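See below for the structure under consideration.
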Amino acid sequence: MNLIIISGLSGSGKSIALNTLEDLNYYCIDNMPIGMLSSLVDQLLSDWGKNHSHVAVGIDSRNSHQDLEHFPDLLKNLTQANLNVEIIYLEADDTTLLKRFSETRRKHPLTGEDRSLSDAIKMERELLYPIAVETDLLIDTTHTNIYQLRELVRNRVINEAPGSMSILFQSFGFKHGIPSDADFIFDTRCLPNPHWEASLRPYTGKDEAVIRYLEQQPWVGEMKQHIMDFLDIWIPRFEKENRTYMTIAIGCTGGQHRSVYMAETLHTYFKNQRKNVMVRHRELS
């Protein structure tokens with residue numbers, strides 16, 4: 001029996017993630033009071049739960065401060081109740097959240113006469129910290145639109161193969177910011193840059209011309225092999241600790257050539273060995 005807890009910052013996409021699960025036949029409950037989770041578990045373990053083996057609940061900062069503080073203790077009780085509990089936490093940087101609230105004209109749940117939007121976002125991060133530190137899957141939606149988020153949730157959660165860890169290789173550009181949801185970050189900026197070859201500049205690391213160029217560079221093959229060797233050793237060790245998700249980010253300057261090539265190559269290599277391996281190119285989306 002699976003219970004997914006969706007939490008995170010207001011404006012980061014929690015409702016979209018929950019709606020995606022609902023579309024995929026999860027029984028979903030939004031704005032769940034933390035104090036009612038124990039009652040929900042009792043329901044799941046009763047005859048009612050036999051018809052609802054996949055349940056998702058949304059928990060936000062409108063819970064009491066005391067309940068949020070004691071969330072880790074409650075989580076421990078849930079995992080001891082023979083439930084497969086996963087926490088998905090969504091966030092975005094402050095600039096993006098401020099822009100989203102400005103564009104939609106929505107009211108942040110923690111704003112008030114004496115609290116600005118920026119202060120409310122800061123306060124919410126602090127309130128939700130006890131949930132954030134228990135997260136199985138962190139999703140940074142700073143550079144993600146609603147369609148990409150739906151696809152990401154669908155691919156990482158619904159297509160998860162039983163007993164295997166979901167692995168995402170994600171390329172990105174350092175000049176656009178480091179992804180906060182990465183478990184490992186590899187920097188390819190020391191490799192020859194196709195951007196400085198005028199004929200290659202319009203292409204990406206998925207195009208044959210760029211692939212040929214990079215594979216002719218000795219350092220590229222050396223770095224690729226070192227990353228493969230490292231992950232071959234450490235992925236199984238994380239998996240033995242019942243880790244459910246892993247995000248491996250590959251960065252270059254702009255996120256167009258070197259990081260895309262490396263992420264594609266690593267994705268192909270590990271997809272031939274394992275189930276539920278995905279690739280995403282943040283700057284190409």
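Identifiers in this document derive from the order of the structure tokens: chains are assigned A, B, ..., residues are numbered from 1 separately in each chain, and ligands are numbered from 1 in order of occurrence.
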
Query raised in the report: Counting only C-alpha atoms, what is within 8 Å of Tyr213 of chain A, bar same-chain residues fewer than 4 positions away, as a ChimeraX atom specification?
Result: /A:194,209,217

Keeping C-alpha atoms for every residue in the selection just given, could you write it to a file as a PDB file, in the first residue's frame?
```pdb
ATOM      1  CA  PRO A 194      31.706  23.281 -28.908  1.00  0.00           C
ATOM      2  CA  ALA A 209      28.037  16.878 -35.203  1.00  0.00           C
ATOM      3  CA  GLN A 217      38.507  14.943 -27.359  1.00  0.00           C
TER       4      GLN A 217
END
```

Report task. Mind listing the strand (DSSP E or B) residues of segment 45-265 of chain A, per DSSP on the backbone, as a PyMOL selection string? Result -> chain A and resi 54-58+84-91+112+115+137-140+166-173+184-187+245-252

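Every residue of segment 156-227 of chain A with a DSSP assignment of alpha helix (DSSP H), taken from the backbone, is listed as Glu208, Ala209, Val210, Ile211, Arg212, Tyr213, Leu214, Glu215, Pro218, Trp219, Val220, Gly221, Glu222, Met223, Lys224, Gln225, His226 and Ile227 of chain A.
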
Query raised in the report: Which one is closest to Ile6 of chain A: A:Ile139, A:Leu44, A:Val57, A:Ile34? Count only C-alpha atoms.
Result: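 Among the listed residues, A:Val57 lies closest to Ile6 of chain A.
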
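If you look at atom CA of Trp234 of chain A and atom CA of Gln216 of chain A, they are 28.3 Å away from each other.
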
Query raised in the report: Which residue, A:Leu110, A:Met165, A:Leu214, A:Leu152, has the smallest gap to Gly13 of chain A when you use only C-alpha atoms?
Result: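 Among the listed residues, the smallest separation from Gly13 of chain A belongs to A:Leu152.
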
Query - Neighbour list for Arg154 of chain A as a PyMOL selection string, cut-off 12 Å, only C-alpha atoms, skip fewer than 5 positions in-chain - result: chain A and resi 16-26+147-149+159-160+166+276+278

Query raised in the report: Using only C-alpha atoms, which of A:Ile227, A:Leu97, A:Leu90, A:Met262 sits nearest Leu137 of chain A?
Result: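 Among the listed residues, A:Leu90 lies closest to Leu137 of chain A.
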
Report task. Can you pull out every residue within 9 Å of Leu284 of chain A, counting only C-alpha atoms, but drop anything in the same chain fewer than 6 positions away, and send it as a PyMOL selection string? Result -> chain A and resi 171-172+204+255-256+260

Report task. Just the residues within 8 Å of Asp60 of chain A, please, counting only C-alpha atoms, with nothing from its chain fewer than 6 positions along; format it as a PyMOL selection string. Result -> chain A and resi 7-10+31-32+128

Could you save the residues just selected, with C-alpha atoms, as a PDB file, in the first residue's frame?
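The resulting file, out.pdb, is shown below:
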```
ATOM      1  CA  SER A   7       4.470  19.172   0.414  1.00  0.00           C
ATOM      2  CA  GLY A   8       6.529  22.248  -0.350  1.00  0.00           C
ATOM      3  CA  LEU A   9       6.405  25.983  -0.801  1.00  0.00           C
ATOM      4  CA  SER A  10       3.282  27.799  -1.928  1.00  0.00           C
ATOM      5  CA  ASN A  31      -4.684  20.468   2.581  1.00  0.00           C
ATOM      6  CA  MET A  32      -4.545  17.508   4.951  1.00  0.00           C
ATOM      7  CA  LEU A 128       8.244  23.310   6.481  1.00  0.00           C
TER       8      LEU A 128
END
```

Report task. For Arg243 of chain A, please output as a ChimeraX atom specification all residues within 8 Å (counting only C-alpha atoms; exclusion window: fewer than 4 positions along the same chain). Result -> /A:136,165,238-239

Selection near Asp42 of chain A, 12 Å with only C-alpha atoms, sequence-local residues under 3 positions removed, as a short mmCIF file (atom, residue, chain, number, x, y, z; two decimals) with C-alpha atoms, in the first residue's frame:
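So the final result, stored in part.cif, reads:
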```cif
data_model
loop_
_atom_site.label_atom_id
_atom_site.label_comp_id
_atom_site.auth_asym_id
_atom_site.auth_seq_id
_atom_site.Cartn_x
_atom_site.Cartn_y
_atom_site.Cartn_z
CA MET A 36 -5.48 13.55 10.86
CA LEU A 37 -2.78 11.42 9.24
CA SER A 38 -3.02 8.75 11.94
CA SER A 39 -6.76 8.41 11.29
CA LEU A 45 -5.32 -0.53 7.00
CA SER A 46 -9.05 -1.27 7.13
CA ASP A 47 -11.28 -2.79 4.47
CA TRP A 48 -11.56 0.68 2.92
CA GLY A 49 -7.87 0.59 2.14
CA LYS A 50 -8.22 -2.56 0.06
CA ASN A 77 4.88 5.86 13.18
CA LEU A 78 3.58 5.74 9.61
CA ALA A 81 2.43 0.65 10.10
CA ASN A 82 3.36 -1.50 7.08
CA LEU A 83 2.87 1.38 4.65
#
```

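Minimum distance to Asp67 of chain A across A:Val55, A:Val85, A:Lys107, A:Ile131 (counting only C-alpha atoms) occurs at A:Ile131.
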
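Among the candidates A:Ser12, A:His70, A:Ile87, A:Asp232, the one nearest to His108 of chain A when counting only C-alpha atoms is A:Ser12.
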
Query - Pick from A:Met1, A:Leu74, A:Asp93, A:Ser116 nearest to His54 of chain A, counting only C-alpha atoms - result: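 So, comparing all the options, the nearest one is A:Met1.
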